[in-house]
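What follows is a short report on a single structure.
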Amino acid sequence: MGCFKGVVAVGYINEAIDEGNPLRTLETLLLPTANISDVDPAHAQHYQDVLYHAKSQKLGDSESVSKVLWLDEIQQAVDDANVDEDRAKQWVTLVVDVNQCLEGKKSSDILSVLKSSTSNANDIIPECADKYYDALVKAKELKSERVSSDGSWLKLNLHKKYDYYYNTDSKESSWVTPESCLYKESWLTGKEIEAFWKGYKQRKEYMHRRQTFIDNTDSIVKIQSWFRMATARKSYLSRLQYFRDHNNEIVKIQSLLRANKARDDYKTLVGSENPPLTVIRKFVYLLDQSDLDFQEELEVARLREEVVTKIRANQQLEKDLNLMDIKIGLLVKNRITLEDVISHSKKLNKKKGGEMEILNNTDNQGIKSLSKERRKTLETYQQLFYLLQTNPLYLAKLIFQMPQNKSTKFMDTVIFTLYNYASNQREEYLLLKLFKTALEEEIKSKVDQVQDIVTGNPTVIKMVVSFNRGARGQNTLRQLLAPVVKEIIDDKSLIINTNPVEVYKAWVNQLETQTGEASKLPYDVTTEQALTYPEVKNKLEASIENLRRVTDKVLNSIISSLDLLPYGLRYIAKVLKNSIHEKFPDATEDELLKIVGNLLYYRYMNPAIVAPDGFDIIDMTAGGQINSDQRRNLGSVAKVLQHAASNKLFEGENEHLSSMNNYLSETYQEFRKYFKEACNVPEPEEKFNMDKYTDLVTVSKPVIYISIEEIISTHSLLLEHQDAIAPEKNDLLSELLGSLGEVPTVESFLGEGAVDPNDPNKANTLSQLSKTEISLVLTSKYDIEDGEAIDSRSLMIKTKKLIIDVIRNQPGNTLTEILETPATAQQEVDHATDMVSRAMIDSRTPEEMKHSQSMIEDAQLPLEQKKRKIQRNLRTLEQTGHVSSENKYQDILNEIAKDIRNQRIYRKLRKAELAKLQQTLNALNKKAAFYEEQINYYDTYIKTCLDNLKRKNTRRSIKLDGKGEPKGAKRAKPVKYTAAKLHEKGVLLDIDDLQTNQFKNVTFDIIATEDVGIFDVRSKFLGVEMEKVQLNIQDLLQMQYEGVAVMKMFDKVKVNVNLLIYLLNKKFYGK
């Protein structure tokens, strides 16, 4: 029962605590059943605060099971409150007694006051009583001076939670803030008083200890020395044992540190504006050419030659295949003989067999013969083409001096040949510089309005697109478009027809097919009438939905593949945008981006979407083709993307597609971002890491493969337009053209005896031989040569090579220090050993990669002589402003550091170029294989035609091998006509200087030769043979195809081409 009453009392106490009423809490504490001891009614407020705080902590404790205070916890809180009361009273006594003692100036009482009021009287030092008093008086005076009005209340904060208040006048105390409480600020607080006597005690102890140390200094030093020695020995032995236990890890750490040091050095080399000589010396070995470098250079040269040759071979094969298409088409229309088709087929098979001739040495009399005059001509051509290649302004001007049809052919052959179809980084860089210069020239001189670029057909834009669709750019288009285009083609269920009339007619045909009855609906309707039928509308909406879906796929493929877009095309887009903006500063950003879109999408991508088979986007089997539905699907997608790229809505005749206008606007915004980002590319100098010194530090010289016909054509064009492209007499181009003289003939290139002068087909033979390709190793006219003036750039190159040789073997912090310090005997020996190694490497170097003779001689000089030569060269370079002695020739060291960086980049680019060339060659081989497959397909077709012809026509036998007729076969008899008879038939139109009534005296004998399609025509006047001429049926058919109606024979006889072909067919082929 008593226990129960205690629980009830606990409940009352907790309820009172929660109410926050101190008196109510006091009543519950005094309950007899609570049995709480030492409860003082005067401390009711403090009991309430302490108990409330204790309960709050218990409530906040997540581990506490009970949320109320129990009797033992309540008793503890009451005891704590009583202790707080005692401490507060002790504090009040200290503050009051000390301050009253100070005010009464009772210095003798200060010691007794401090001891009686302090909990730890032993801390008070009697000897310091006076000092305590003086310090406390001074502190109180300072505090009193800052107080203007003084109250009577003192405040003490206990446990940073409870405030205790005491009134010095009324001796009243409280745990609650009194009303009208003014603090007695002139009195020193308890903390301030304690601080003084505690500080004095600590200082006294410190002084005593310090004196002890001073008195025993020698002993202390010995102890410290011994302890340090023991500690150091122990630490050393421990560290040594640690190293032994972790030997492998230490080696790895050392390796890492060395690697970090090397990396930091390289960062200094790459990133520092003025890398120190000590860093440069560590990396000069990177400038050495290894066997691998030479092998890779030769492999690049070989692949480059093979790629260029394959490109030209494929281009020629493609032209011949196109011609074969025409000839087979004419055969189908019965306008050409089968023999002519067979003849062209043999020509194709000959090229298929690899007889595309590339000769570097025609014979001993040709341009590459070993004679001084021929050699000089060859070198001049090499210098001419180097100048054209590296100075784009000449070709840019030349392009716009020629008629457009002539300039197009010149660009497609000579220009791309001159740059090796951009088969390496250097040539791609130079070709882009030409495109940039030519485009800026064209915009400057020929573009009058912003839209001229879109509505016209700019020459340079056409050339850029053609190049990027060529062998190097084709793979990009395949990666970009092939997957989505193939998906559209392979989707047999996809039908996109947005022409309402065609949809209507297809619907009517479907109805008639299903019912078997003629439809009563009209067949011919307008667009508006077709759209009145719900069925047409539904089919049109389905087509539009399909169109939007597949267009999204193509658009996403384009937008997400910006990185696949050729850098060259993006750079020209950037040049185009900037050039147009420069000429038309008022043009808006939208207008500029539409022009960019016209280049990137409309000219480059759009045709490949419409006709993927014509641009090798997809693989087609020989004889295979895209059907009309697939072609229409692709055309519809291309049309939508074209409208979106130019921000053109469907209006007018396309009004029925206006539901797609919102889609077009959204797509344009996507394209706009794409076109803007496409122009965000670095300059070619940064992209390819090229500058004016690149050719001088590259191992191999540039080589081009060009036909004799192209050399002669270029030479002729340069002479024809010399006044426009190089008007100055002292221009380097004028100088080189002057050295070459007149345009040479093909025969002079090949040398005397290359063609038999008595050969009746000499003109045809020379025409074939003009296509012979030769290799030109391009060189600058101002390369370093013995006996010639050395310009500052070349001198800089020579000096750098000498400096590299010197700093390898002689240490020093600066170049001037090395040059002024004599070399030791050992350094000379080391240098000589290095030069012997260099000579051995040079002996294995291919001829076209070797340095000039003067550089080889410089390399053999002793170390001291090299240093003297360096000093002379540096003085010369300082006079030209290339270097300065004030910064210890840091400029030339910076150039060496740049060479080291470029060499590393060049090696990296060369490896990338090797991979790219191999990839290009593989693509070209696949294309050639496709052409060969097409040739085989044509062969099969021709043989089928031949079998049919043998069954139908026995008048003349034809053999596929072209070796004539089989034994016993009859050759067609010669045909004889008078001019009058031919005039009557309409074949002969007129004979110069001969009256019509005299035509009966002129006869013509037409004789079929052993060669298929070749006829000899002999003319006689009054029975006397006058002249003979050969007719080729293929030439006649080509004239017919080109629309030539009249031709001349014997330079005086005019004949009708169509009737002449008819006559030959009738008399010799039985048609």
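Quick note on naming: the chains in the structure tokens go A, B, ... in the order shown, residues restart at 1 in each chain, and ligands are numbered from 1 in order of appearance.
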>> Can you tell me, as a ChimeraX atom specification, which residues in region 519-722 of chain A count as helix (DSSP H, G or I) by DSSP?
In response: /A:527-530,534-559,562-564,567-583,589-610,612-615,628-645,652-678,684-688,694-697,708-720,722
Hey, can you spit out that residue selection with C-alpha atoms as a compact mmCIF listing (two decimals), in the first residue's frame?
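Now in part22.txt:
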# COMPACT_ATOMS: atom_id res chain seq x y z
CA THR A 527 -5.97 17.88 -105.17
CA GLU A 528 -8.94 19.70 -103.63
CA GLN A 529 -11.41 17.13 -105.01
CA ALA A 530 -9.30 14.19 -103.79
CA PRO A 534 -12.65 10.57 -96.11
CA GLU A 535 -10.74 7.49 -97.27
CA VAL A 536 -8.12 9.70 -98.94
CA LYS A 537 -7.85 11.88 -95.83
CA ASN A 538 -7.39 8.84 -93.59
CA LYS A 539 -4.68 7.36 -95.83
CA LEU A 540 -2.99 10.76 -96.05
CA GLU A 541 -3.00 11.16 -92.26
CA ALA A 542 -1.52 7.67 -91.86
CA SER A 543 1.22 8.56 -94.35
CA ILE A 544 1.94 11.81 -92.50
CA GLU A 545 2.21 9.94 -89.20
CA ASN A 546 4.61 7.41 -90.75
CA LEU A 547 6.53 10.24 -92.33
CA ARG A 548 6.92 12.03 -89.00
CA ARG A 549 8.05 8.80 -87.32
CA VAL A 550 10.76 7.85 -89.83
CA THR A 551 11.87 11.49 -90.23
CA ASP A 552 12.50 11.57 -86.47
CA LYS A 553 14.77 8.55 -86.82
CA VAL A 554 16.81 10.14 -89.60
CA LEU A 555 16.93 13.46 -87.74
CA ASN A 556 18.11 11.81 -84.51
CA SER A 557 20.80 9.93 -86.42
CA ILE A 558 22.05 13.20 -87.93
CA ILE A 559 21.84 15.28 -84.72
CA LEU A 562 27.86 15.55 -85.19
CA ASP A 563 31.32 14.16 -84.38
CA LEU A 564 31.11 11.94 -87.48
CA TYR A 567 36.19 18.21 -89.95
CA GLY A 568 36.90 19.76 -93.36
CA LEU A 569 33.21 20.19 -94.14
CA ARG A 570 32.53 21.73 -90.71
CA TYR A 571 35.47 24.10 -91.10
CA ILE A 572 34.28 25.28 -94.53
CA ALA A 573 30.82 25.80 -93.00
CA LYS A 574 32.49 28.01 -90.38
CA VAL A 575 34.40 29.93 -93.10
CA LEU A 576 31.19 30.31 -95.12
CA LYS A 577 29.27 31.69 -92.12
CA ASN A 578 32.03 34.12 -91.13
CA SER A 579 32.66 35.30 -94.71
CA ILE A 580 28.97 35.96 -95.38
CA HIS A 581 28.65 37.78 -92.06
CA GLU A 582 31.72 39.87 -92.87
CA LYS A 583 30.33 40.92 -96.26
CA GLU A 589 21.94 34.68 -87.16
CA ASP A 590 19.00 32.73 -88.65
CA GLU A 591 19.95 33.76 -92.19
CA LEU A 592 23.56 32.72 -91.62
CA LEU A 593 22.58 29.36 -90.11
CA LYS A 594 20.21 28.66 -93.03
CA ILE A 595 23.19 29.07 -95.38
CA VAL A 596 25.20 26.68 -93.22
CA GLY A 597 22.25 24.27 -93.36
CA ASN A 598 22.13 24.57 -97.15
CA LEU A 599 25.72 23.30 -97.26
CA LEU A 600 25.62 20.65 -94.54
CA TYR A 601 22.19 19.19 -95.11
CA TYR A 602 20.81 20.14 -98.55
CA ARG A 603 24.02 19.79 -100.58
CA TYR A 604 25.87 17.13 -98.56
CA MET A 605 23.28 14.84 -96.93
CA ASN A 606 20.02 15.31 -98.86
CA PRO A 607 21.09 13.69 -102.17
CA ALA A 608 22.47 10.69 -100.27
CA ILE A 609 19.08 10.19 -98.57
CA VAL A 610 17.14 10.50 -101.84
CA PRO A 612 21.52 6.11 -101.35
CA ASP A 613 22.39 3.65 -104.12
CA GLY A 614 24.05 6.42 -106.11
CA PHE A 615 26.26 7.51 -103.22
CA SER A 628 9.52 3.18 -106.65
CA ASP A 629 7.82 2.90 -103.23
CA GLN A 630 11.16 2.85 -101.41
CA ARG A 631 12.40 5.78 -103.50
CA ARG A 632 9.24 7.76 -102.72
CA ASN A 633 9.58 7.03 -98.98
CA LEU A 634 13.15 8.32 -98.97
CA GLY A 635 12.21 11.34 -101.08
CA SER A 636 9.40 12.27 -98.67
CA VAL A 637 11.75 12.14 -95.66
CA ALA A 638 14.33 14.23 -97.52
CA LYS A 639 11.67 16.78 -98.47
CA VAL A 640 10.55 17.25 -94.85
CA LEU A 641 14.11 17.57 -93.59
CA GLN A 642 14.92 20.03 -96.38
CA HIS A 643 11.94 22.22 -95.41
CA ALA A 644 12.93 21.98 -91.72
CA ALA A 645 16.59 22.84 -92.37
CA GLY A 652 0.49 26.74 -101.45
CA GLU A 653 0.44 23.46 -103.37
CA ASN A 654 1.59 21.68 -100.19
CA GLU A 655 -1.20 23.17 -98.07
CA HIS A 656 -2.56 19.67 -97.37
CA LEU A 657 0.63 19.02 -95.34
CA SER A 658 0.20 22.12 -93.15
CA SER A 659 -0.51 19.89 -90.15
CA MET A 660 3.25 19.23 -90.11
CA ASN A 661 4.20 22.91 -89.85
CA ASN A 662 4.56 22.81 -86.05
CA TYR A 663 6.77 19.76 -86.46
CA LEU A 664 8.86 21.63 -89.07
CA SER A 665 9.35 24.57 -86.69
CA GLU A 666 10.43 22.27 -83.84
CA THR A 667 12.78 20.38 -86.14
CA TYR A 668 14.28 23.65 -87.38
CA GLN A 669 15.22 24.56 -83.82
CA GLU A 670 17.04 21.20 -83.52
CA PHE A 671 18.78 21.81 -86.84
CA ARG A 672 19.64 25.37 -85.78
CA LYS A 673 21.54 24.12 -82.70
CA TYR A 674 23.19 21.45 -84.86
CA PHE A 675 24.36 23.93 -87.53
CA LYS A 676 25.63 26.35 -84.88
CA GLU A 677 27.58 23.64 -83.08
CA ALA A 678 28.91 22.29 -86.40
CA PRO A 684 43.35 23.91 -89.29
CA GLU A 685 46.65 25.09 -87.79
CA GLU A 686 45.47 23.95 -84.38
CA LYS A 687 43.64 20.85 -85.60
CA PHE A 688 46.55 19.49 -87.64
CA THR A 694 56.25 21.87 -90.69
CA ASP A 695 57.71 20.88 -94.08
CA LEU A 696 61.21 21.75 -92.87
CA VAL A 697 61.11 19.38 -89.88
CA ILE A 708 51.55 13.94 -118.01
CA GLU A 709 48.27 15.27 -119.44
CA GLU A 710 47.48 17.00 -116.11
CA ILE A 711 50.96 18.54 -115.88
CA ILE A 712 50.68 19.92 -119.41
CA SER A 713 47.11 21.15 -118.79
CA THR A 714 48.14 22.95 -115.58
CA HIS A 715 51.19 24.49 -117.24
CA SER A 716 49.06 25.70 -120.14
CA LEU A 717 46.38 27.21 -117.88
CA LEU A 718 48.97 29.00 -115.74
CA LEU A 719 50.57 30.56 -118.82
CA GLU A 720 47.17 31.50 -120.25
CA GLN A 722 49.48 34.38 -115.77
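Minimum distance to Glu427 (chain A) across A:Arg146, A:Lys1052, A:Arg304, A:Arg87 (counting only C-alpha atoms) occurs at A:Arg304.
Taking CA of Val39 (chain A) as the reference point, CA of Leu156 (chain A) is found at 22.3 Å.
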> Using only C-alpha atoms, which of A:Ser152, A:Lys486, A:Gln45, A:Ile818 sits nearest Ser180 (chain A)?
Replying inline: A:Ser152
